[in-house]
Amino acid sequence: MAKWVYTFGNGSAEGAADMRNLLGGKGANLAEMSALGLPVPPGFTITTEVCTWYYEHGQSYPETLKNAVAQALSTVGTATGRVFGDPDRPLLVSVRSGARVSMPGMMDTVLNLGLNDRTVEAIASETGDARFAYDSYRRFIQMYSDVVLGLDHHEFEEVLEDHKERNDLTLDTDITAEAWQGIIEKFKSLVEEELERPFPQDPQEQLWGAIGAVFSSWMTPRAVTYRRLHEIPGDWGTAVNVQAMVFGNMGERSATGVAFTRNPSTGENTLYGEFLVNAQGEDVVAGIRTPQDITEKARLEAGSSSASLEALMPEAFAEFQSYCSQLEKHYMDMQDLEFTIENGKLWMLQTRAGKRTAKAALKIAVDMVAEGLLSEEKAIGRVEPGALDQLLHPTIDPKAERDIVTTGLPASPGAASGAIVFSSDAAEEAKAAGRKTILVRVETSPEDIHGMHAAEGILTSRGGMTSHAAVVARGMGKPCVAGAGTLRIDYRNGVINVAGRQLKEGDTITIDGATGQVLTGEVAMLQPTLSGDFGILMGWADRVRRMKVRTNAETPQDAKVARDFGAEGIGLCRTEHMFFEGERIIAVREMILAETEAGRRDALAKLLPMQRKDFTELFEIMHGLPVTIRLLDPPLHEFLPKSDEELEEVAKAMGADADLLRDRALALEEFNPMLGHRGCRLLVSYPEIAEMQARAIFEAAAAAAKTTGAPVVPEIMVPLVGLKGELDLVRQSIDAMAEAVMAETGTTISFQVGTMVELPRAALKAAEIAQSAEFFSFGTNDLTQTTFGISRDDAASFLGTYQRRGIMEQDPFVSLDTDGVGELIQIATDRGRSSRPEIKLGICGEHGGDPSSIAFCESVGLDYVSCSAFRVPIARLAAAQSALKHKNSG
């Protein structure tokens, strides 16, 4: 028979810390503290399996649950010398949620449950403190009505505030017992008026109402949204913890508080927290009263005149301090604790791993190794890789006020302020004049590259997390908010309309790429700092990881940043990104619009020296590290002239008739350019493109080898291959050019030719393609598009709905779809190695910087991941954690 309920308290427990999947984090840790002998109010946990049952069976409970709860209540009653519902010695309980992972503020809690018109009198008589008893009863009515009965919390607050205003009172603690009794009657009348039934007096009805409310809160919109944002599966469910009440509002020798065993902002090894005298837990976070500092040191630093817990209740403080030390050593991690002091007796209500900033996480991990609490390998696992973004980009000061205009997708981390501009040219002009801007577009295209580079950040109304704007912004390390669909951008009049507000070109806005928020005005920022702890932890990570970490880079600036962050080469140089500025775009358009091979070769001759210079700089910066260069892979429409002015410019450069060029451009337009004449198809049609780029690569390799004294081994990647014959044909051009350059320069150049696997057919035919390819690089952005048949630029319009309705847990463009796309990668890996055992395998899509995707790459045995420069540290740490997990599970 299934066990639905686990008891704890009085120095023993049926559960333990390693049962968090069944008992939730709170229940598992309450059990663990009880077993350690800490003073924990006795109670019991209803398991997460009941939550699953509840939703699978039409919000009903297993038959045996009621008896199990009754037995557990009896056990708690025996431990406390009380009986639940007894009119003379009533047991009062709290009912709290407890998921596997902390979801602060997302689910519901009820305190003081079991109070009614009779038991409140018993509590008043027993304690000799009627004010305390009736204060607790009004709190219960207010909380239960909100959480269980669905009445607005503010309606009760209005009654309370009205009383304080009429009697010239400031604090709840100023209200007398008699006054509380009058307020309670008003509260009960309010319930009866709204619900047409009285406030429940039966403690059993109260208990099951609260249990149901906690389970129901698992599916509230706020909880569902929180899970989606933090990638918490919906089928985990929550536990329910029922625990004997202890009271911090029982007078001046009582208190309640929260504390961290170390400073969660800085990581400093000092007790950090707040408390309130004569209060219950919600008072600390409600902001009605100013909390007091726990330690005397913190009080002095804050310049507070209110006594610290250390000074006010020294015995309870010393006991609490000892438990903090015991729990931190036991869990080997910084703890977040809740406690209550009832008439001088300390009770521990919760412990969990404390949430912390990235800076604090690094310091705590490094310090705990120095203190002998952690091994280096354990310390590596204590820092969330994604949190490192906080250290690499400016962030909005948490104390700053936010006037939120709208919210889009958090496409690239960091925050930036600047004047609104609607064109890339305007952004570039402003940059030259020393003005900061935010580039606002419906969507960006490769032609916006110069404006994106000039702007402080990018905001788009269309596009998803892997749209052009998102990918390029992450590569540049610039904040980006994408897919802010409520924005109505009017280029013609230079305005944005959103939610009844209007923003004009030149107005200052701030974007927060970590939350997706768009804010009015310039908001205070915190600049990133990399401490010595960062370097220490990264050193440990580099020693244990197996996979190499490369970067996606086309510019010297990106390459330098990536090297500074520890990149071990370039895994993807997208050569088409090099062609959108100045004379280059004109030459590329000449090449595309030319109707003869001779015309194309004339245009390509103009590009050759530019490409050679580009590649030479990258080889020199990487100084002997591998550089993978992808040959030209644009859908042609991205390069075609868009305006009459651009057509005239190209016509002049070519000495051609603009009308004829316009006809040629129209003839080249495609219905579905992403699946059209691009990648290797372009190189098969126009082998002279591959010849020019290959010559530029080999001439640059020869030049860089002389300059640096380090051998250059370029890896030339042919994009969008689906047939071995395509790769063979393009490879002939590359090999022939290598022989020609080596003969001309008198040098020997080692090189590899491979392909980007971004089509399902390439994955399925990998054994055959590997006969001609010396490496595979999985282009997971396009592989995801072609596997799902979803455009990454348009997916944002419906993927949110898919996630909310449980069809997909995650956006497959953000975190790799390991079931479908992942299986294709596994197939290609196995089949590629079957015909070429030494084949080099990597991943270069945006997933190369996503920790969960990196874990999959480790499990498949890829040789490296490649990601944008600012995600290199994240990838290094994630690769180390994945290697350790793989080792420990193997």
# chains A, B, ... in the order shown; residues from 1 in each chain; ligands from 1

$ select_by_dssp --residues "region 340-383 of chain A" --states "strand (DSSP E or B)" --output "PyMOL selection string"
chain A and resi 340-342+345-353

$ residues_around --residues "Val240 (chain A)" --least-positions-apart "4" --cutoff "7 Å" --atoms "only C-alpha atoms" --output "mmCIF file with C-alpha atoms, in the first residue's frame"
data_model
loop_
_atom_site.group_PDB
_atom_site.id
_atom_site.type_symbol
_atom_site.label_atom_id
_atom_site.label_comp_id
_atom_site.auth_asym_id
_atom_site.auth_seq_id
_atom_site.Cartn_x
_atom_site.Cartn_y
_atom_site.Cartn_z
ATOM 1 C CA THR A 45 4.267 15.842 5.043
ATOM 2 C CA ILE A 46 1.666 14.771 2.467
ATOM 3 C CA THR A 47 3.772 13.598 -0.488
ATOM 4 C CA VAL A 95 -0.277 24.350 6.221
ATOM 5 C CA ARG A 96 2.472 25.069 3.705
ATOM 6 C CA SER A 97 3.467 23.957 0.215
ATOM 7 C CA GLY A 98 6.832 22.399 -0.606
ATOM 8 C CA ILE A 211 -4.694 21.156 1.826
ATOM 9 C CA VAL A 214 -2.057 24.187 -1.586
#

$ residues_around --residues "Asp146 (chain A)" --least-positions-apart "4" --cutoff "10 Å" --atoms "only C-alpha atoms" --output "list in words"
Asp108, Val110, Phe140, Ile141, Gln142, Gly150, Leu151, Asp152, His153, His154, Glu155 and Phe156 of chain A

$ write_last_selection --atoms "N, CA, C and O atoms" --output "compact mmCIF listing (two decimals), in the first residue's frame"
# COMPACT_ATOMS: atom_id res chain seq x y z
N ASP A 108 0.78 28.57 -1.90
CA ASP A 108 0.03 29.15 -0.78
C ASP A 108 0.38 28.56 0.57
O ASP A 108 0.81 27.40 0.68
N VAL A 110 -1.12 28.72 4.88
CA VAL A 110 -2.12 29.14 5.86
C VAL A 110 -1.55 28.91 7.25
O VAL A 110 -1.07 27.80 7.55
N PHE A 140 -5.60 34.37 10.90
CA PHE A 140 -6.08 33.14 10.27
C PHE A 140 -7.27 33.42 9.34
O PHE A 140 -7.30 32.96 8.20
N ILE A 141 -8.23 34.19 9.84
CA ILE A 141 -9.41 34.49 9.00
C ILE A 141 -8.98 35.20 7.72
O ILE A 141 -9.43 34.87 6.61
N GLN A 142 -8.09 36.16 7.86
CA GLN A 142 -7.63 36.95 6.72
C GLN A 142 -6.90 36.07 5.71
O GLN A 142 -7.18 36.12 4.49
N GLY A 150 -10.87 32.45 -1.58
CA GLY A 150 -10.76 33.26 -2.80
C GLY A 150 -11.20 34.69 -2.66
O GLY A 150 -11.53 35.34 -3.65
N LEU A 151 -11.24 35.21 -1.42
CA LEU A 151 -11.60 36.61 -1.22
C LEU A 151 -10.36 37.48 -1.28
O LEU A 151 -9.28 37.07 -0.86
N ASP A 152 -10.52 38.70 -1.78
CA ASP A 152 -9.39 39.60 -1.97
C ASP A 152 -8.79 40.02 -0.63
O ASP A 152 -9.49 40.54 0.25
N HIS A 153 -7.52 39.78 -0.47
CA HIS A 153 -6.78 40.14 0.75
C HIS A 153 -6.96 41.63 1.09
O HIS A 153 -7.05 41.99 2.27
N HIS A 154 -7.05 42.46 0.06
CA HIS A 154 -7.11 43.91 0.29
C HIS A 154 -8.41 44.34 0.98
O HIS A 154 -8.44 45.36 1.68
N GLU A 155 -9.48 43.57 0.79
CA GLU A 155 -10.74 43.94 1.45
C GLU A 155 -10.59 43.87 2.96
O GLU A 155 -11.13 44.71 3.69
N PHE A 156 -9.85 42.90 3.45
CA PHE A 156 -9.61 42.78 4.89
C PHE A 156 -8.64 43.87 5.36
O PHE A 156 -8.80 44.41 6.46

$ atom_distance --atom1 "CA of Phe534 (chain A)" --atom2 "CA of Ala875 (chain A)"
13.9 Å

$ closest_residue --among "A:Gln502, A:Met756, A:Gly234, A:Ile380" --to "Arg543 (chain A)" --atoms "only C-alpha atoms"
A:Ile380

$ residues_around --residues "region 159-165 of chain A" --least-positions-apart "5" --cutoff "9 Å" --atoms "only C-alpha atoms" --output "ChimeraX atom specification"
/A:154,170-172,174-175,179,183,186-187

$ write_last_selection --atoms "N, CA and C atoms" --output "compact mmCIF listing (two decimals), in the first residue's frame"
# COMPACT_ATOMS: atom_id res chain seq x y z
N HIS A 154 -7.05 42.46 0.06
CA HIS A 154 -7.11 43.91 0.29
C HIS A 154 -8.41 44.34 0.98
N THR A 170 -0.65 53.29 14.37
CA THR A 170 0.29 53.06 13.27
C THR A 170 0.53 51.56 13.04
N LEU A 171 0.77 50.82 14.12
CA LEU A 171 1.16 49.42 14.01
C LEU A 171 0.04 48.48 14.44
N ASP A 172 0.04 47.26 13.88
CA ASP A 172 -0.93 46.25 14.30
C ASP A 172 -0.76 45.92 15.78
N ASP A 174 -0.32 47.78 18.12
CA ASP A 174 -0.97 48.78 18.97
C ASP A 174 -2.45 48.46 19.23
N ILE A 175 -2.98 47.49 18.51
CA ILE A 175 -4.42 47.19 18.60
C ILE A 175 -4.68 46.26 19.78
N ALA A 179 -10.36 45.39 20.58
CA ALA A 179 -10.45 45.92 19.22
C ALA A 179 -10.33 44.79 18.20
N ILE A 183 -12.83 43.71 15.08
CA ILE A 183 -12.35 43.56 13.70
C ILE A 183 -12.67 42.16 13.19
N LYS A 186 -16.14 41.95 12.00
CA LYS A 186 -16.27 42.58 10.67
C LYS A 186 -15.71 41.66 9.58
N PHE A 187 -14.61 40.97 9.88
CA PHE A 187 -14.02 40.03 8.92
C PHE A 187 -15.03 38.92 8.60
